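Novice: Structure file target-v9.txt (compact mmCIF, C-alpha atoms) is given on the next line.
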# COMPACT_ATOMS: atom_id res chain seq x y z
CA MET Z 524 99.04 -86.96 51.34
CA ARG Z 525 101.28 -86.62 48.34
CA LYS Z 526 104.68 -88.16 48.07
CA SER Z 527 107.67 -86.19 46.85
CA THR Z 528 109.05 -87.47 43.57
CA LYS Z 529 112.47 -87.78 45.21
CA ARG Z 530 111.64 -88.46 48.85
CA SER Z 531 109.77 -91.30 50.56
CA VAL Z 532 107.71 -89.87 53.44
CA ILE Z 533 105.62 -91.77 56.00
CA ALA Z 534 102.09 -90.56 56.84
CA VAL Z 535 100.44 -92.29 59.79
CA ALA Z 536 97.43 -90.01 60.41
CA ALA Z 537 96.09 -86.65 59.41
CA ALA Z 538 97.93 -85.04 62.30
CA ALA Z 539 101.69 -84.75 62.06
CA LEU Z 540 103.61 -87.48 63.84
CA THR Z 541 107.26 -87.43 64.74
CA LEU Z 542 109.24 -90.61 64.23
CA ALA Z 543 110.36 -92.13 67.48
CA GLY Z 544 113.98 -92.53 68.31
CA LEU Z 545 116.39 -90.82 70.65
CA THR Z 546 119.74 -91.73 69.12
CA ALA Z 547 121.24 -88.31 68.47
CA ALA Z 548 124.11 -88.20 66.00
CA GLN Z 549 127.03 -85.87 66.64
CA ALA Z 550 127.41 -82.60 64.75
CA GLY Z 551 129.19 -81.35 61.67
CA GLN Z 552 129.55 -84.63 59.78
CA ASN Z 553 129.35 -85.08 56.02
CA SER Z 554 128.43 -88.75 56.07
CA ALA Z 555 125.80 -90.05 53.65
CA SER Z 556 124.98 -93.06 55.84
CA GLY Z 557 122.14 -93.65 58.27
CA SER Z 558 119.44 -91.90 56.27
CA THR Z 559 116.08 -91.73 58.07
CA GLU Z 560 112.66 -90.25 57.55
CA GLY Z 561 111.20 -87.36 59.50
CA THR Z 562 107.83 -85.92 60.33
CA CYS Z 563 105.36 -85.48 57.49
CA VAL Z 564 102.79 -82.72 57.87
CA SER Z 565 99.74 -82.57 55.63
CA ASN Z 566 98.48 -79.13 54.66
CA THR Z 567 97.03 -77.25 51.75
CA GLY Z 568 100.39 -75.79 50.73
CA PRO Z 569 103.57 -77.54 49.61
CA ALA Z 570 104.07 -81.06 50.95
CA ALA Z 571 106.21 -81.12 54.08
CA LEU Z 572 109.13 -83.51 53.82
CA LEU Z 573 110.56 -82.83 57.27
CA THR Z 574 109.47 -80.93 60.39
CA ILE Z 575 111.77 -80.38 63.37
CA ASP Z 576 109.86 -78.65 66.16
CA TYR Z 577 111.47 -80.09 69.32
CA ALA Z 578 107.97 -80.79 70.66
CA ASN Z 579 109.21 -83.79 72.67
CA GLY Z 580 111.89 -81.72 74.42
CA GLN Z 581 114.75 -83.79 72.97
CA LEU Z 582 117.81 -82.53 71.07
CA ASP Z 583 117.03 -84.86 68.16
CA SER Z 584 113.32 -83.84 68.12
CA GLY Z 585 112.51 -87.56 67.97
CA ILE Z 586 114.20 -87.97 64.58
CA PRO Z 587 116.83 -90.73 64.50
CA ASP Z 588 120.19 -89.55 63.18
CA LEU Z 589 119.46 -85.84 63.46
CA THR Z 590 122.87 -84.35 64.13
CA THR Z 591 123.37 -82.33 67.29
CA THR Z 592 126.71 -80.77 68.26
CA HIS Z 593 130.38 -81.68 68.43
CA ALA Z 594 131.07 -78.98 71.00
CA THR Z 595 131.65 -80.67 74.36
CA ALA Z 596 130.30 -78.00 76.73
CA ASP Z 597 127.17 -79.18 78.55
CA ASP Z 598 125.29 -76.05 77.52
CA ALA Z 599 126.60 -75.84 73.93
CA SER Z 600 123.26 -77.27 72.85
CA SER Z 601 120.09 -77.73 74.88
CA VAL Z 602 116.30 -77.64 74.63
CA VAL Z 603 114.15 -75.12 76.50
CA LYS Z 604 110.45 -74.43 76.90
CA SER Z 605 109.14 -71.96 74.34
CA GLY Z 606 105.49 -70.97 74.48
CA ASP Z 607 103.46 -74.18 74.37
CA GLY Z 608 106.40 -76.14 72.98
CA HIS Z 609 110.18 -76.25 72.97
CA ALA Z 610 113.08 -74.75 71.05
CA VAL Z 611 116.72 -75.70 70.62
CA VAL Z 612 119.42 -73.44 72.06
CA HIS Z 613 122.99 -73.17 70.79
CA LYS Z 614 125.66 -71.31 72.74
CA VAL Z 615 129.26 -70.43 71.82
CA THR Z 616 131.84 -68.82 74.12
CA LEU Z 617 134.99 -67.65 72.38
CA GLY Z 618 138.34 -68.76 73.79
CA ASP Z 619 136.89 -71.87 75.42
CA PRO Z 620 137.77 -75.15 73.65
CA ALA Z 621 134.57 -76.74 74.95
CA TYR Z 622 132.68 -74.58 72.45
CA VAL Z 623 134.82 -75.59 69.47
CA SER Z 624 133.33 -77.96 66.90
CA ASP Z 625 135.31 -79.24 63.91
CA GLY Z 626 138.10 -76.75 64.58
CA ALA Z 627 136.00 -73.59 64.86
CA PRO Z 628 133.90 -71.79 67.50
CA ARG Z 629 130.45 -73.17 66.76
CA SER Z 630 127.56 -75.31 67.92
CA GLU Z 631 125.14 -76.51 65.25
CA SER Z 632 122.50 -79.11 64.47
CA ALA Z 633 122.31 -80.67 61.00
CA THR Z 634 120.40 -82.99 58.67
CA ASN Z 635 123.42 -84.62 57.02
CA ASP Z 636 122.17 -88.11 58.00
CA VAL Z 637 118.42 -87.47 57.63
CA HIS Z 638 117.10 -88.43 54.20
CA GLU Z 639 114.42 -85.75 53.95
CA GLY Z 640 116.91 -83.15 55.14
CA LYS Z 641 119.16 -83.62 52.11
CA PHE Z 642 118.93 -81.91 48.73
CA VAL Z 643 120.18 -82.99 45.30
CA VAL Z 644 120.26 -81.52 41.81
CA GLY Z 645 116.70 -81.29 40.50
CA ASP Z 646 115.03 -80.63 43.86
CA LYS Z 647 112.86 -77.58 44.39
CA GLN Z 648 112.49 -77.00 48.11
CA ARG Z 649 111.41 -74.46 50.70
CA TYR Z 650 113.26 -74.11 54.00
CA GLU Z 651 111.46 -72.42 56.88
CA PHE Z 652 112.83 -71.74 60.33
CA SER Z 653 112.35 -69.43 63.30
CA VAL Z 654 115.19 -67.65 65.13
CA MET Z 655 115.50 -65.80 68.41
CA LEU Z 656 118.65 -63.80 69.15
CA LYS Z 657 118.69 -64.35 72.91
CA ASP Z 658 120.18 -61.49 75.01
CA TRP Z 659 122.09 -60.46 71.89
CA LYS Z 660 124.57 -57.61 72.28
CA PRO Z 661 123.93 -55.19 69.41
CA PHE Z 662 126.70 -53.86 67.20
CA ALA Z 663 128.10 -50.44 68.07
CA ALA Z 664 130.61 -48.25 66.27
CA GLY Z 665 134.11 -49.61 66.81
CA ASP Z 666 132.97 -53.20 67.46
CA SER Z 667 134.26 -56.10 65.42
CA GLU Z 668 132.22 -56.49 62.23
CA ALA Z 669 132.54 -60.28 62.00
CA GLY Z 670 129.23 -62.03 61.43
CA ASP Z 671 127.52 -64.99 63.12
CA ILE Z 672 126.15 -67.67 60.77
CA ILE Z 673 122.73 -68.89 61.92
CA PHE Z 674 121.47 -71.16 59.10
CA GLN Z 675 123.17 -72.91 56.16
CA GLY Z 676 122.35 -74.86 53.03
CA LYS Z 677 125.62 -76.82 53.07
CA HIS Z 678 127.26 -78.94 50.37
CA ALA Z 679 128.59 -82.22 51.80
CA GLY Z 680 132.25 -83.20 51.74
CA GLY Z 681 133.70 -80.14 53.45
CA ASN Z 682 132.50 -77.77 50.73
CA LEU Z 683 131.45 -74.17 51.20
CA PRO Z 684 127.73 -73.66 51.81
CA SER Z 685 125.50 -72.94 48.85
CA PHE Z 686 123.91 -70.24 50.98
CA TYR Z 687 123.71 -69.05 54.55
CA LEU Z 688 122.03 -66.42 56.70
CA MET Z 689 124.10 -64.47 59.16
CA ALA Z 690 123.69 -61.83 61.85
CA LYS Z 691 126.15 -59.11 60.81
CA ARG Z 692 126.33 -55.74 62.50
CA ASN Z 693 122.64 -55.22 63.35
CA SER Z 694 121.17 -56.87 60.28
CA ILE Z 695 120.41 -60.37 58.98
CA ALA Z 696 122.06 -61.00 55.62
CA PHE Z 697 121.60 -63.73 53.04
CA ARG Z 698 124.81 -64.81 51.31
CA SER Z 699 126.02 -67.27 48.69
CA PRO Z 700 129.80 -67.18 49.14
CA THR Z 701 130.84 -69.03 45.98
CA LEU Z 702 128.58 -66.89 43.78
CA GLY Z 703 129.53 -63.68 45.58
CA LEU Z 704 125.91 -62.81 46.39
CA GLN Z 705 124.92 -60.91 49.54
CA ALA Z 706 121.89 -58.87 50.58
CA ASN Z 707 120.32 -57.76 53.85
CA VAL Z 708 116.92 -59.38 54.41
CA VAL Z 709 116.35 -57.84 57.87
CA ASP Z 710 117.81 -54.34 57.87
CA ASP Z 711 117.83 -53.83 61.64
CA PHE Z 712 116.98 -56.58 64.13
CA ARG Z 713 117.64 -54.59 67.32
CA SER Z 714 113.94 -54.11 68.12
CA HIS Z 715 113.44 -57.88 67.72
CA ILE Z 716 116.15 -59.12 70.11
CA GLY Z 717 114.53 -61.72 72.36
CA GLU Z 718 111.62 -62.17 69.89
CA TRP Z 719 111.00 -64.77 67.20
CA MET Z 720 111.84 -63.87 63.61
CA HIS Z 721 110.72 -66.21 60.82
CA PHE Z 722 112.58 -66.98 57.60
CA ARG Z 723 111.77 -68.77 54.35
CA VAL Z 724 114.28 -69.68 51.63
CA ASP Z 725 113.02 -71.20 48.36
CA VAL Z 726 115.68 -72.90 46.23
CA SER Z 727 115.66 -74.59 42.85
CA TRP Z 728 118.74 -76.83 43.02
CA THR Z 729 120.55 -76.85 39.67
CA ASP Z 730 124.09 -77.45 38.46
CA ASP Z 731 123.55 -75.01 35.60
CA THR Z 732 122.42 -71.37 35.57
CA THR Z 733 118.68 -72.05 35.74
CA GLY Z 734 118.31 -72.12 39.53
CA TYR Z 735 117.01 -69.55 41.97
CA TYR Z 736 117.08 -68.38 45.58
CA LYS Z 737 114.04 -66.55 46.99
CA VAL Z 738 114.30 -65.22 50.55
CA SER Z 739 111.30 -64.09 52.61
CA THR Z 740 110.92 -62.93 56.21
CA LYS Z 741 108.19 -62.41 58.79
CA VAL Z 742 109.28 -60.35 61.78
CA PRO Z 743 107.27 -59.42 64.89
CA GLY Z 744 104.32 -57.21 63.98
CA GLU Z 745 103.92 -58.82 60.53
CA THR Z 746 101.19 -61.35 59.77
CA GLN Z 747 102.59 -62.82 56.57
CA TYR Z 748 105.89 -63.43 54.83
CA THR Z 749 107.37 -60.68 52.68
CA LEU Z 750 109.70 -61.49 49.78
CA ARG Z 751 112.97 -59.69 50.49
CA LYS Z 752 115.39 -60.88 47.83
CA THR Z 753 115.35 -63.00 44.67
CA TYR Z 754 118.32 -64.29 42.67
CA GLU Z 755 117.31 -65.98 39.42
CA ASN Z 756 119.26 -67.78 36.70
CA VAL Z 757 122.02 -68.84 39.09
CA ARG Z 758 123.84 -72.12 39.69
CA THR Z 759 122.69 -73.11 43.16
CA PHE Z 760 124.35 -76.54 43.40
CA HIS Z 761 128.00 -75.56 43.04
CA PRO Z 762 130.36 -77.59 45.27
CA VAL Z 763 134.06 -76.98 44.83
CA ASN Z 764 134.78 -80.62 45.69
CA PRO Z 765 132.72 -83.39 44.06
CA THR Z 766 129.62 -84.33 46.07
CA THR Z 767 126.17 -85.67 45.34
CA PHE Z 768 124.08 -83.97 48.03
CA GLY Z 769 123.71 -81.09 50.44
CA TYR Z 770 122.01 -80.67 53.81
CA LEU Z 771 120.89 -78.08 56.35
CA LYS Z 772 122.65 -76.73 59.43
CA TRP Z 773 121.33 -74.35 62.09
CA GLY Z 774 122.74 -72.98 65.28
CA LEU Z 775 125.65 -70.63 65.83
CA TYR Z 776 128.88 -70.57 63.81
CA ARG Z 777 131.31 -67.75 64.60
CA PRO Z 778 134.01 -67.83 61.89
CA ASP Z 779 137.02 -65.52 62.21
CA GLN Z 780 135.93 -64.33 65.66
CA THR Z 781 138.31 -64.13 68.61
CA LEU Z 782 138.55 -62.37 71.95
CA ALA Z 783 141.69 -60.64 70.68
CA LYS Z 784 139.64 -58.95 67.95
CA GLY Z 785 137.13 -57.69 70.49
CA ASP Z 786 134.29 -59.98 69.44
CA VAL Z 787 131.45 -60.57 71.89
CA PRO Z 788 132.62 -63.38 74.21
CA THR Z 789 129.35 -65.34 74.40
CA ARG Z 790 126.43 -65.56 72.00
CA VAL Z 791 123.21 -67.55 72.49
CA ILE Z 792 120.62 -68.31 69.82
CA GLN Z 793 117.38 -70.28 69.66
CA HIS Z 794 115.85 -72.08 66.66
CA ASP Z 795 112.46 -73.71 66.22
CA ASP Z 796 110.03 -75.00 63.59
CA ILE Z 797 112.61 -76.00 60.99
CA ARG Z 798 110.74 -77.34 57.97
CA VAL Z 799 111.63 -78.72 54.54
CA LEU Z 800 108.82 -78.48 51.99
CA ASP Z 801 108.59 -79.86 48.46
CA LEU Z 802 107.96 -77.20 45.80
CA SER Z 803 108.27 -79.56 42.84
CA GLN Z 804 104.52 -80.30 42.72
CA ARG Z 805 103.44 -76.66 42.59
Hey, can you dump this file as structure tokens for me?
Specialist:
Amino acid sequence: MRKSTKRSVIAVAAAALTLAGLTAAQAGQNSASGSTEGTCVSNTGPAALLTIDYANGQLDSGIPDLTTTHATADDASSVVKSGDGHAVVHKVTLGDPAYVSDGAPRSESATNDVHEGKFVVGDKQRYEFSVMLKDWKPFAAGDSEAGDIIFQGKHAGGNLPSFYLMAKRNSIAFRSPTLGLQANVVDDFRSHIGEWMHFRVDVSWTDDTTGYYKVSTKVPGETQYTLRKTYENVRTFHPVNPTTFGYLKWGLYRPDQTLAKGDVPTRVIQHDDIRVLDLSQR
């Protein structure tokens, strides 16, 4: 198995093994300490730096220092059976302080303290993840149009994300807020509520205008990924405040949503098969 030029990955056998350890970190931190290594999966494609599949039924997926949630509600984050394996569930109820994390209505997991879950300038990486919008109330005319963020490539140090995907109205949109980029990558998810949708984001991390984002999807009924949107010659590593790394977050973040605005009181989302792959050797 190949090693990434920037990441040290442990391979114990031809089958993927998850590092043992059940010490779950708490969510939403920007700390650079406690870096650990995750699962390495050997395949014929890009080398896998990190795989988070919740196979052991634990919130940290057996990866020491994987961040879970700061929300205090017992059901803000949990693990459920999903097919032959497990998936992580995040739940947010507006107006209830038990579902507030870092001052906002959200419940998220993150790789801020997992070495292979971080990115730096010069990395070329692929991020794959699966999402199920569980019992999701669709958008209807007159409803609040605020979106729910479901996955982020986040700059450390309290910076804005480099990119995120969000459920907005009845679509899934990709957005880079600092660059002012936004495009729908799933035009209408209503027929897929309660089903797994699969996403892939390829990023060349640069602090000049030579980077790229490439976003692909595979929705129910499709057998392979389809490229939905490409942004080339863009600065992908662009923190407002100085920082040396970024990391991934997934779950449910409901910015600018309140009961007073008529937003849906409770949302529930599931994530599974989060992977970080090295594209630098391709």
Novice: Restricting the calculation to all atoms listed in the file, which member of Z:Ala633, Z:Met720, Z:Val611, Z:Leu617 is positioned closest to Leu589 (chain Z)?
Specialist: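 Answer, going by the shortest atom-to-atom distance: Z:Ala633.
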Novice: Quick check, in Å to one decimal: how far apart do CA of Thr574 (chain Z) and CA of Gly769 (chain Z) lie?
Specialist: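 Going from CA of Thr574 (chain Z) over to CA of Gly769 (chain Z) covers 17.4 Å.
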Novice: Between Z:Thr616, Z:Thr634, Z:Ser803, Z:Ser653, which residue has the minimum interatomic distance to Asp583 (chain Z), considering all atoms listed in the file?
Specialist: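 Selected residue with least distance to Asp583 (chain Z): Z:Thr634.
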Novice: I need the residue nearest Ala664 (chain Z) from this list: Z:Asp576, Z:Pro788, Z:Asn693, Z:His678. Use all atoms listed in the file for the distance.
Specialist: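 That would be Z:Asn693, the residue with the smallest distance to Ala664 (chain Z).
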Novice: Go ahead and find all residues with at least one atom no further than 8 Å from (112.4, -71.2, 65.7) in the file's coordinates, using only C-alpha atoms; report them as a PyMOL selection string.
Specialist: chain Z and resi 576+610-611+652-655+719-721+793-797
Novice: Keeping only C-alpha atoms, write the selected residues as a JSON list (two decimals), keeping the file's coordinate frame.
Specialist:
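The result, written out as out.json:
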[["chain", "number", "residue", "atom", "x", "y", "z"],
["Z", 576, "ASP", "CA", 109.86, -78.65, 66.16],
["Z", 610, "ALA", "CA", 113.08, -74.75, 71.05],
["Z", 611, "VAL", "CA", 116.72, -75.70, 70.62],
["Z", 652, "PHE", "CA", 112.83, -71.74, 60.33],
["Z", 653, "SER", "CA", 112.35, -69.43, 63.30],
["Z", 654, "VAL", "CA", 115.19, -67.65, 65.13],
["Z", 655, "MET", "CA", 115.50, -65.80, 68.41],
["Z", 719, "TRP", "CA", 111.00, -64.77, 67.20],
["Z", 720, "MET", "CA", 111.84, -63.87, 63.61],
["Z", 721, "HIS", "CA", 110.72, -66.21, 60.82],
["Z", 793, "GLN", "CA", 117.38, -70.28, 69.66],
["Z", 794, "HIS", "CA", 115.85, -72.08, 66.66],
["Z", 795, "ASP", "CA", 112.46, -73.71, 66.22],
["Z", 796, "ASP", "CA", 110.03, -75.00, 63.59],
["Z", 797, "ILE", "CA", 112.61, -76.00, 60.99]]
Novice: Is it possible to get the residues within 6 Å of (120.2, -68.6, 38.5) (coordinates as in the file, counting all atoms listed in the file) written as a list in words?
Specialist: Thr732, Thr733, Gly734, Tyr735, Glu755, Asn756, Val757 and Arg758 of chain Z
